[in-house]
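Here is work_10.csv, consisting of CSV, N, CA, C and O atoms:
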chain,number,residue,atom,x,y,z
B,1,MET,N,-1.4,-9.0,-7.8
B,1,MET,CA,-1.3,-7.7,-8.2
B,1,MET,C,-0.5,-6.9,-7.2
B,1,MET,O,-0.6,-7.1,-6.0
B,2,LYS,N,0.2,-5.9,-7.7
B,2,LYS,CA,1.0,-5.0,-6.8
B,2,LYS,C,0.2,-3.8,-6.4
B,2,LYS,O,-0.6,-3.3,-7.1
B,3,LEU,N,0.5,-3.3,-5.2
B,3,LEU,CA,-0.2,-2.1,-4.7
B,3,LEU,C,0.0,-0.9,-5.6
B,3,LEU,O,-0.9,-0.1,-5.9
B,4,SER,N,1.2,-0.9,-6.2
B,4,SER,CA,1.5,0.2,-7.1
B,4,SER,C,0.7,0.2,-8.4
B,4,SER,O,0.6,1.2,-9.1
B,5,GLU,N,0.0,-0.9,-8.7
B,5,GLU,CA,-0.8,-1.1,-9.9
B,5,GLU,C,-2.2,-0.6,-9.8
B,5,GLU,O,-3.0,-0.5,-10.7
B,6,LEU,N,-2.6,-0.4,-8.5
B,6,LEU,CA,-4.0,0.0,-8.3
B,6,LEU,C,-4.3,1.4,-8.8
B,6,LEU,O,-3.4,2.3,-8.8
B,7,LYS,N,-5.5,1.7,-9.2
B,7,LYS,CA,-5.9,3.0,-9.6
B,7,LYS,C,-6.6,3.8,-8.5
B,7,LYS,O,-7.0,3.2,-7.5
B,8,LYS,N,-6.7,5.1,-8.6
B,8,LYS,CA,-7.4,5.9,-7.6
B,8,LYS,C,-8.8,5.4,-7.3
B,8,LYS,O,-9.5,5.1,-8.2
B,9,GLY,N,-9.1,5.2,-6.0
B,9,GLY,CA,-10.4,4.7,-5.6
B,9,GLY,C,-10.6,3.2,-5.5
B,9,GLY,O,-11.5,2.8,-4.9
B,10,GLN,N,-9.6,2.5,-5.9
B,10,GLN,CA,-9.6,1.0,-5.8
B,10,GLN,C,-9.3,0.6,-4.4
B,10,GLN,O,-8.4,1.2,-3.7
B,11,LYS,N,-10.0,-0.5,-3.9
B,11,LYS,CA,-9.7,-1.1,-2.6
B,11,LYS,C,-9.1,-2.4,-2.8
B,11,LYS,O,-9.4,-3.1,-3.8
B,12,ALA,N,-8.2,-2.8,-1.9
B,12,ALA,CA,-7.6,-4.1,-2.0
B,12,ALA,C,-7.2,-4.6,-0.6
B,12,ALA,O,-7.1,-3.9,0.3
B,13,LYS,N,-7.1,-6.0,-0.5
B,13,LYS,CA,-6.6,-6.6,0.7
B,13,LYS,C,-5.1,-7.0,0.5
B,13,LYS,O,-4.7,-7.5,-0.5
B,14,ILE,N,-4.3,-6.6,1.5
B,14,ILE,CA,-2.9,-6.9,1.5
B,14,ILE,C,-2.7,-8.4,1.6
B,14,ILE,O,-3.2,-9.1,2.6
B,15,ILE,N,-2.0,-9.0,0.7
B,15,ILE,CA,-1.7,-10.5,0.7
B,15,ILE,C,-0.3,-10.7,1.4
B,15,ILE,O,-0.1,-11.6,2.2
B,16,SER,N,0.7,-10.0,0.9
B,16,SER,CA,2.1,-10.2,1.4
B,16,SER,C,2.9,-9.0,1.2
B,16,SER,O,2.6,-8.1,0.3
B,17,ILE,N,4.0,-8.9,1.9
B,17,ILE,CA,5.0,-7.8,1.9
B,17,ILE,C,6.3,-8.4,1.6
B,17,ILE,O,6.9,-9.2,2.4
B,18,SER,N,7.0,-8.0,0.5
B,18,SER,CA,8.3,-8.5,0.1
B,18,SER,C,9.4,-7.7,0.5
B,18,SER,O,10.6,-8.0,0.3
B,19,LEU,N,9.2,-6.5,1.2
B,19,LEU,CA,10.2,-5.7,1.6
B,19,LEU,C,11.1,-6.4,2.7
B,19,LEU,O,10.6,-7.3,3.3
B,20,LYS,N,12.3,-6.0,2.9
B,20,LYS,CA,13.2,-6.6,3.8
B,20,LYS,C,13.7,-5.6,4.8
B,20,LYS,O,13.7,-4.4,4.6
B,21,GLY,N,14.1,-6.1,6.0
B,21,GLY,CA,14.8,-5.3,7.0
B,21,GLY,C,14.0,-4.1,7.5
B,21,GLY,O,12.8,-4.2,7.7
B,22,PRO,N,14.7,-3.0,7.7
B,22,PRO,CA,14.0,-1.8,8.3
B,22,PRO,C,12.8,-1.2,7.5
B,22,PRO,O,11.9,-0.7,8.1
B,23,LYS,N,12.9,-1.4,6.2
B,23,LYS,CA,11.7,-0.9,5.3
B,23,LYS,C,10.5,-1.7,5.6
B,23,LYS,O,9.4,-1.2,5.7
B,24,LYS,N,10.7,-3.0,5.8
B,24,LYS,CA,9.5,-3.9,6.1
B,24,LYS,C,8.9,-3.5,7.5
B,24,LYS,O,7.7,-3.4,7.7
B,25,ARG,N,9.8,-3.3,8.4
B,25,ARG,CA,9.4,-3.0,9.8
B,25,ARG,C,8.7,-1.6,9.8
B,25,ARG,O,7.6,-1.5,10.4
B,26,ARG,N,9.2,-0.7,9.0
B,26,ARG,CA,8.5,0.6,8.9
B,26,ARG,C,7.1,0.6,8.4
B,26,ARG,O,6.2,1.1,9.0
B,27,VAL,N,6.9,-0.2,7.3
B,27,VAL,CA,5.6,-0.2,6.7
B,27,VAL,C,4.6,-1.0,7.6
B,27,VAL,O,3.5,-0.6,7.8
B,28,LYS,N,5.1,-2.0,8.3
B,28,LYS,CA,4.3,-2.8,9.3
B,28,LYS,C,3.9,-1.9,10.4
B,28,LYS,O,2.8,-1.9,10.9
B,29,ASP,N,4.9,-1.1,10.9
B,29,ASP,CA,4.6,-0.1,12.0
B,29,ASP,C,3.5,0.9,11.6
B,29,ASP,O,2.8,1.4,12.5
B,30,MET,N,3.4,1.2,10.3
B,30,MET,CA,2.4,2.1,9.9
B,30,MET,C,1.0,1.5,9.6
B,30,MET,O,0.1,2.2,9.2
B,31,GLY,N,0.9,0.2,9.8
B,31,GLY,CA,-0.4,-0.5,9.7
B,31,GLY,C,-0.5,-1.3,8.4
B,31,GLY,O,-1.6,-1.8,8.2
B,32,ILE,N,0.5,-1.4,7.6
B,32,ILE,CA,0.4,-2.2,6.4
B,32,ILE,C,0.8,-3.6,6.8
B,32,ILE,O,1.9,-4.0,6.9
B,33,LEU,N,-0.3,-4.4,7.0
B,33,LEU,CA,-0.2,-5.8,7.5
B,33,LEU,C,-1.0,-6.7,6.6
B,33,LEU,O,-2.0,-6.3,6.0
B,34,PRO,N,-0.7,-8.0,6.5
B,34,PRO,CA,-1.5,-8.9,5.7
B,34,PRO,C,-2.9,-8.9,6.3
B,34,PRO,O,-3.2,-8.8,7.5
B,35,ASP,N,-3.9,-9.0,5.3
B,35,ASP,CA,-5.3,-9.0,5.6
B,35,ASP,C,-5.9,-7.6,5.8
B,35,ASP,O,-7.1,-7.5,6.0
B,36,GLU,N,-5.1,-6.6,5.9
B,36,GLU,CA,-5.7,-5.2,6.1
B,36,GLU,C,-6.2,-4.8,4.7
B,36,GLU,O,-5.7,-5.1,3.7
B,37,ILE,N,-7.3,-3.9,4.8
B,37,ILE,CA,-7.9,-3.4,3.6
B,37,ILE,C,-7.3,-2.0,3.4
B,37,ILE,O,-7.2,-1.2,4.3
B,38,VAL,N,-6.8,-1.7,2.1
B,38,VAL,CA,-6.3,-0.4,1.8
B,38,VAL,C,-7.1,0.2,0.6
B,38,VAL,O,-7.7,-0.6,-0.2
B,39,GLU,N,-7.2,1.5,0.5
B,39,GLU,CA,-7.8,2.2,-0.6
B,39,GLU,C,-6.9,3.3,-1.1
B,39,GLU,O,-6.3,4.1,-0.3
B,40,VAL,N,-6.7,3.3,-2.4
B,40,VAL,CA,-5.9,4.3,-3.0
B,40,VAL,C,-6.6,5.6,-3.1
B,40,VAL,O,-7.7,5.7,-3.6
B,41,GLU,N,-6.1,6.7,-2.4
B,41,GLU,CA,-6.7,8.0,-2.3
B,41,GLU,C,-6.2,8.9,-3.5
B,41,GLU,O,-7.0,9.5,-4.1
B,42,LYS,N,-4.9,9.0,-3.7
B,42,LYS,CA,-4.3,9.8,-4.7
B,42,LYS,C,-3.1,9.2,-5.2
B,42,LYS,O,-2.4,8.5,-4.5
B,43,ILE,N,-2.7,9.5,-6.4
B,43,ILE,CA,-1.5,9.1,-7.0
B,43,ILE,C,-0.9,10.4,-7.6
B,43,ILE,O,-1.5,11.1,-8.4
B,44,ALA,N,0.4,10.7,-7.3
B,44,ALA,CA,1.1,11.9,-7.8
B,44,ALA,C,1.2,11.8,-9.3
B,44,ALA,O,1.2,10.7,-9.9
B,45,PRO,N,1.2,12.9,-10.0
B,45,PRO,CA,1.3,13.0,-11.4
B,45,PRO,C,2.4,12.0,-12.0
B,45,PRO,O,2.1,11.4,-13.1
B,46,LEU,N,3.5,11.9,-11.4
B,46,LEU,CA,4.5,11.1,-11.9
B,46,LEU,C,4.5,9.7,-11.3
B,46,LEU,O,5.4,8.9,-11.5
B,47,GLY,N,3.5,9.4,-10.5
B,47,GLY,CA,3.3,8.1,-10.0
B,47,GLY,C,4.0,7.8,-8.6
B,47,GLY,O,3.9,6.7,-8.1
B,48,ASP,N,4.6,8.9,-8.1
B,48,ASP,CA,5.3,8.7,-6.8
B,48,ASP,C,5.2,10.0,-6.0
B,48,ASP,O,5.7,11.0,-6.5
B,49,PRO,N,4.7,10.0,-4.9
B,49,PRO,CA,4.2,8.9,-4.0
B,49,PRO,C,2.8,8.5,-4.3
B,49,PRO,O,2.1,9.2,-5.1
B,50,ILE,N,2.3,7.5,-3.6
B,50,ILE,CA,1.0,7.0,-3.7
B,50,ILE,C,0.3,7.2,-2.3
B,50,ILE,O,0.9,6.7,-1.3
B,51,ASP,N,-0.8,7.9,-2.3
B,51,ASP,CA,-1.5,8.1,-1.0
B,51,ASP,C,-2.6,7.1,-0.8
B,51,ASP,O,-3.4,6.9,-1.7
B,52,ILE,N,-2.5,6.4,0.3
B,52,ILE,CA,-3.5,5.3,0.6
B,52,ILE,C,-4.2,5.6,1.9
B,52,ILE,O,-3.7,6.4,2.7
B,53,MET,N,-5.4,5.0,2.1
B,53,MET,CA,-6.1,5.0,3.4
B,53,MET,C,-6.0,3.6,3.9
B,53,MET,O,-6.3,2.6,3.3
B,54,VAL,N,-5.5,3.5,5.2
B,54,VAL,CA,-5.4,2.2,5.9
B,54,VAL,C,-5.8,2.5,7.3
B,54,VAL,O,-5.3,3.4,7.9
B,55,LYS,N,-6.6,1.6,7.9
B,55,LYS,CA,-7.1,1.8,9.3
B,55,LYS,C,-7.5,3.2,9.6
B,55,LYS,O,-7.2,3.8,10.6
B,56,ASN,N,-8.3,3.8,8.7
B,56,ASN,CA,-8.9,5.1,8.9
B,56,ASN,C,-7.9,6.3,9.0
B,56,ASN,O,-8.1,7.3,9.6
B,57,TYR,N,-6.7,6.1,8.4
B,57,TYR,CA,-5.8,7.2,8.3
B,57,TYR,C,-5.0,7.2,7.0
B,57,TYR,O,-4.9,6.2,6.3
B,58,HIS,N,-4.5,8.4,6.6
B,58,HIS,CA,-3.9,8.5,5.3
B,58,HIS,C,-2.4,8.2,5.5
B,58,HIS,O,-1.8,8.6,6.5
B,59,LEU,N,-1.8,7.6,4.4
B,59,LEU,CA,-0.4,7.2,4.4
B,59,LEU,C,0.1,7.4,3.0
B,59,LEU,O,-0.5,7.1,2.0
B,60,SER,N,1.3,7.9,2.9
B,60,SER,CA,2.0,8.0,1.6
B,60,SER,C,3.1,7.0,1.5
B,60,SER,O,3.9,6.9,2.5
B,61,LEU,N,3.1,6.3,0.4
B,61,LEU,CA,4.2,5.3,0.2
B,61,LEU,C,4.9,5.6,-1.1
B,61,LEU,O,4.3,6.1,-2.0
B,62,ARG,N,6.2,5.4,-1.1
B,62,ARG,CA,7.0,5.5,-2.3
B,62,ARG,C,6.5,4.4,-3.3
B,62,ARG,O,6.2,3.3,-2.9
B,63,LYS,N,6.6,4.7,-4.6
B,63,LYS,CA,6.2,3.7,-5.6
B,63,LYS,C,7.1,2.4,-5.4
B,63,LYS,O,6.6,1.3,-5.5
B,64,SER,N,8.4,2.6,-5.1
B,64,SER,CA,9.3,1.4,-4.9
B,64,SER,C,8.8,0.5,-3.8
B,64,SER,O,9.0,-0.7,-3.8
B,65,GLU,N,8.2,1.1,-2.7
B,65,GLU,CA,7.7,0.3,-1.6
B,65,GLU,C,6.4,-0.3,-2.0
B,65,GLU,O,6.2,-1.5,-1.7
B,66,ALA,N,5.5,0.4,-2.7
B,66,ALA,CA,4.2,-0.1,-3.1
B,66,ALA,C,4.4,-1.3,-4.1
B,66,ALA,O,3.6,-2.2,-4.1
B,67,GLU,N,5.5,-1.3,-4.9
B,67,GLU,CA,5.8,-2.4,-5.8
B,67,GLU,C,6.1,-3.7,-5.1
B,67,GLU,O,6.1,-4.8,-5.7
B,68,GLN,N,6.4,-3.6,-3.8
B,68,GLN,CA,6.8,-4.8,-3.0
B,68,GLN,C,5.7,-5.3,-2.2
B,68,GLN,O,5.9,-6.2,-1.4
B,69,ILE,N,4.5,-4.8,-2.3
B,69,ILE,CA,3.3,-5.2,-1.5
B,69,ILE,C,2.3,-5.8,-2.5
B,69,ILE,O,1.8,-5.2,-3.4
B,70,GLU,N,2.1,-7.1,-2.3
B,70,GLU,CA,1.1,-7.9,-3.1
B,70,GLU,C,-0.3,-7.7,-2.5
B,70,GLU,O,-0.5,-7.8,-1.3
B,71,VAL,N,-1.3,-7.4,-3.4
B,71,VAL,CA,-2.6,-7.2,-2.9
B,71,VAL,C,-3.6,-8.0,-3.8
B,71,VAL,O,-3.3,-8.4,-4.9
B,72,GLU,N,-4.8,-8.1,-3.3
B,72,GLU,CA,-5.9,-8.7,-4.0
B,72,GLU,C,-7.1,-7.7,-4.1
B,72,GLU,O,-7.5,-7.2,-3.0
B,73,VAL,N,-7.5,-7.3,-5.3
B,73,VAL,CA,-8.5,-6.3,-5.5
B,73,VAL,C,-9.8,-6.7,-4.9
B,73,VAL,O,-10.2,-7.9,-5.1
B,74,ILE,N,-10.5,-5.8,-4.2
B,74,ILE,CA,-11.8,-6.0,-3.7
B,74,ILE,C,-12.8,-5.3,-4.6
B,74,ILE,O,-12.6,-4.1,-4.9
B,75,GLU,N,-13.8,-5.9,-5.2
B,75,GLU,CA,-14.8,-5.3,-6.0
B,75,GLU,C,-15.8,-4.5,-5.3
B,75,GLU,O,-16.2,-4.8,-4.2
Would you put the structure from the file into structure tokens?
Amino acid sequence: MKLSELKKGQKAKIISISLKGPKKRRVKDMGILPDEIVEVEKIAPLGDPIDIMVKNYHLSLRKSEAEQIEVEVIE
């Protein structure tokens, strides 16, 4: 499942990141790493951006970036 497909309040574990180059480095520098747990806090009315919680801080991602992050939903 893609991070962009999660609903508000859902938690997931990051499996892989398909971004390339500087975009991949940027999201990794922000703490988006494999095996990290993320929770969707808010989704903008048009679906972009997506606000998530990772490592106890809030982060906003573009929908195009979230579509490149594979996650596994945690029940």
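Among the candidates B:Val38, B:Gln10, B:Ser16, B:Arg26, the residue lying nearest to Ala66 in chain B is B:Ser16 (atoms considered: all atoms listed in the file).
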Q) Taking into account only N, CA, C and O atoms, which residue in the set B:Val40, B:Ile52, B:Met30, B:Ile74 is nearest to Lys7 in chain B? A)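 For Lys7 in chain B, the nearest of the candidates is B:Val40.
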Just list as a PDB file with N, CA, C and O atoms, in the frame of the given file whatever in chain B DSSP marks as alpha helix (DSSP H).
ATOM      1  N   GLY B  21      14.100  -6.100   6.000  1.00  0.00           N
ATOM      2  CA  GLY B  21      14.800  -5.300   7.000  1.00  0.00           C
ATOM      3  C   GLY B  21      14.000  -4.100   7.500  1.00  0.00           C
ATOM      4  O   GLY B  21      12.800  -4.200   7.700  1.00  0.00           O
ATOM      5  N   PRO B  22      14.700  -3.000   7.700  1.00  0.00           N
ATOM      6  CA  PRO B  22      14.000  -1.800   8.300  1.00  0.00           C
ATOM      7  C   PRO B  22      12.800  -1.200   7.500  1.00  0.00           C
ATOM      8  O   PRO B  22      11.900  -0.700   8.100  1.00  0.00           O
ATOM      9  N   LYS B  23      12.900  -1.400   6.200  1.00  0.00           N
ATOM     10  CA  LYS B  23      11.700  -0.900   5.300  1.00  0.00           C
ATOM     11  C   LYS B  23      10.500  -1.700   5.600  1.00  0.00           C
ATOM     12  O   LYS B  23       9.400  -1.200   5.700  1.00  0.00           O
ATOM     13  N   LYS B  24      10.700  -3.000   5.800  1.00  0.00           N
ATOM     14  CA  LYS B  24       9.500  -3.900   6.100  1.00  0.00           C
ATOM     15  C   LYS B  24       8.900  -3.500   7.500  1.00  0.00           C
ATOM     16  O   LYS B  24       7.700  -3.400   7.700  1.00  0.00           O
ATOM     17  N   ARG B  25       9.800  -3.300   8.400  1.00  0.00           N
ATOM     18  CA  ARG B  25       9.400  -3.000   9.800  1.00  0.00           C
ATOM     19  C   ARG B  25       8.700  -1.600   9.800  1.00  0.00           C
ATOM     20  O   ARG B  25       7.600  -1.500  10.400  1.00  0.00           O
ATOM     21  N   ARG B  26       9.200  -0.700   9.000  1.00  0.00           N
ATOM     22  CA  ARG B  26       8.500   0.600   8.900  1.00  0.00           C
ATOM     23  C   ARG B  26       7.100   0.600   8.400  1.00  0.00           C
ATOM     24  O   ARG B  26       6.200   1.100   9.000  1.00  0.00           O
ATOM     25  N   VAL B  27       6.900  -0.200   7.300  1.00  0.00           N
ATOM     26  CA  VAL B  27       5.600  -0.200   6.700  1.00  0.00           C
ATOM     27  C   VAL B  27       4.600  -1.000   7.600  1.00  0.00           C
ATOM     28  O   VAL B  27       3.500  -0.600   7.800  1.00  0.00           O
ATOM     29  N   LYS B  28       5.100  -2.000   8.300  1.00  0.00           N
ATOM     30  CA  LYS B  28       4.300  -2.800   9.300  1.00  0.00           C
ATOM     31  C   LYS B  28       3.900  -1.900  10.400  1.00  0.00           C
ATOM     32  O   LYS B  28       2.800  -1.900  10.900  1.00  0.00           O
ATOM     33  N   ASP B  29       4.900  -1.100  10.900  1.00  0.00           N
ATOM     34  CA  ASP B  29       4.600  -0.100  12.000  1.00  0.00           C
ATOM     35  C   ASP B  29       3.500   0.900  11.600  1.00  0.00           C
ATOM     36  O   ASP B  29       2.800   1.400  12.500  1.00  0.00           O
ATOM     37  N   LYS B  63       6.600   4.700  -4.600  1.00  0.00           N
ATOM     38  CA  LYS B  63       6.200   3.700  -5.600  1.00  0.00           C
ATOM     39  C   LYS B  63       7.100   2.400  -5.400  1.00  0.00           C
ATOM     40  O   LYS B  63       6.600   1.300  -5.500  1.00  0.00           O
ATOM     41  N   SER B  64       8.400   2.600  -5.100  1.00  0.00           N
ATOM     42  CA  SER B  64       9.300   1.400  -4.900  1.00  0.00           C
ATOM     43  C   SER B  64       8.800   0.500  -3.800  1.00  0.00           C
ATOM     44  O   SER B  64       9.000  -0.700  -3.800  1.00  0.00           O
ATOM     45  N   GLU B  65       8.200   1.100  -2.700  1.00  0.00           N
ATOM     46  CA  GLU B  65       7.700   0.300  -1.600  1.00  0.00           C
ATOM     47  C   GLU B  65       6.400  -0.300  -2.000  1.00  0.00           C
ATOM     48  O   GLU B  65       6.200  -1.500  -1.700  1.00  0.00           O
ATOM     49  N   ALA B  66       5.500   0.400  -2.700  1.00  0.00           N
ATOM     50  CA  ALA B  66       4.200  -0.100  -3.100  1.00  0.00           C
ATOM     51  C   ALA B  66       4.400  -1.300  -4.100  1.00  0.00           C
ATOM     52  O   ALA B  66       3.600  -2.200  -4.100  1.00  0.00           O
TER      53      ALA B  66
END
Who sits within 8 Å of Gly9 in chain B, all atoms listed in the file, same chain under 3 positions skipped, as a PDB file with N, CA, C and O atoms, in the frame of the given file:
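Written output follows (out_24.pdb):
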ATOM      1  N   LEU B   6      -2.600  -0.400  -8.500  1.00  0.00           N
ATOM      2  CA  LEU B   6      -4.000   0.000  -8.300  1.00  0.00           C
ATOM      3  C   LEU B   6      -4.300   1.400  -8.800  1.00  0.00           C
ATOM      4  O   LEU B   6      -3.400   2.300  -8.800  1.00  0.00           O
ATOM      5  N   ALA B  12      -8.200  -2.800  -1.900  1.00  0.00           N
ATOM      6  CA  ALA B  12      -7.600  -4.100  -2.000  1.00  0.00           C
ATOM      7  C   ALA B  12      -7.200  -4.600  -0.600  1.00  0.00           C
ATOM      8  O   ALA B  12      -7.100  -3.900   0.300  1.00  0.00           O
ATOM      9  N   VAL B  38      -6.800  -1.700   2.100  1.00  0.00           N
ATOM     10  CA  VAL B  38      -6.300  -0.400   1.800  1.00  0.00           C
ATOM     11  C   VAL B  38      -7.100   0.200   0.600  1.00  0.00           C
ATOM     12  O   VAL B  38      -7.700  -0.600  -0.200  1.00  0.00           O
ATOM     13  N   GLU B  39      -7.200   1.500   0.500  1.00  0.00           N
ATOM     14  CA  GLU B  39      -7.800   2.200  -0.600  1.00  0.00           C
ATOM     15  C   GLU B  39      -6.900   3.300  -1.100  1.00  0.00           C
ATOM     16  O   GLU B  39      -6.300   4.100  -0.300  1.00  0.00           O
ATOM     17  N   VAL B  40      -6.700   3.300  -2.400  1.00  0.00           N
ATOM     18  CA  VAL B  40      -5.900   4.300  -3.000  1.00  0.00           C
ATOM     19  C   VAL B  40      -6.600   5.600  -3.100  1.00  0.00           C
ATOM     20  O   VAL B  40      -7.700   5.700  -3.600  1.00  0.00           O
ATOM     21  N   GLU B  41      -6.100   6.700  -2.400  1.00  0.00           N
ATOM     22  CA  GLU B  41      -6.700   8.000  -2.300  1.00  0.00           C
ATOM     23  C   GLU B  41      -6.200   8.900  -3.500  1.00  0.00           C
ATOM     24  O   GLU B  41      -7.000   9.500  -4.100  1.00  0.00           O
ATOM     25  N   LYS B  42      -4.900   9.000  -3.700  1.00  0.00           N
ATOM     26  CA  LYS B  42      -4.300   9.800  -4.700  1.00  0.00           C
ATOM     27  C   LYS B  42      -3.100   9.200  -5.200  1.00  0.00           C
ATOM     28  O   LYS B  42      -2.400   8.500  -4.500  1.00  0.00           O
ATOM     29  N   ILE B  43      -2.700   9.500  -6.400  1.00  0.00           N
ATOM     30  CA  ILE B  43      -1.500   9.100  -7.000  1.00  0.00           C
ATOM     31  C   ILE B  43      -0.900  10.400  -7.600  1.00  0.00           C
ATOM     32  O   ILE B  43      -1.500  11.100  -8.400  1.00  0.00           O
ATOM     33  N   ASP B  51      -0.800   7.900  -2.300  1.00  0.00           N
ATOM     34  CA  ASP B  51      -1.500   8.100  -1.000  1.00  0.00           C
ATOM     35  C   ASP B  51      -2.600   7.100  -0.800  1.00  0.00           C
ATOM     36  O   ASP B  51      -3.400   6.900  -1.700  1.00  0.00           O
ATOM     37  N   ILE B  74     -10.500  -5.800  -4.200  1.00  0.00           N
ATOM     38  CA  ILE B  74     -11.800  -6.000  -3.700  1.00  0.00           C
ATOM     39  C   ILE B  74     -12.800  -5.300  -4.600  1.00  0.00           C
ATOM     40  O   ILE B  74     -12.600  -4.100  -4.900  1.00  0.00           O
TER      41      ILE B  74
END
Q: Figure out the distance between CA of Lys2 in chain B and CA of Glu72 in chain B, please, to one decimal in Å.
A: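 Separation of CA of Glu72 in chain B and CA of Lys2 in chain B: 8.3 Å.
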Q.
Between CA of Ser64 in chain B and atom N of Lys24 in chain B, what is the distance in Å, rounded to a tenth?
A. 11.7 Å
**Q.** Contact residues around Gly47 in chain B with only N, CA, C and O atoms at 7 Å, ignoring same-chain residues under 6 positions, as a count of residues only
**A.** 5
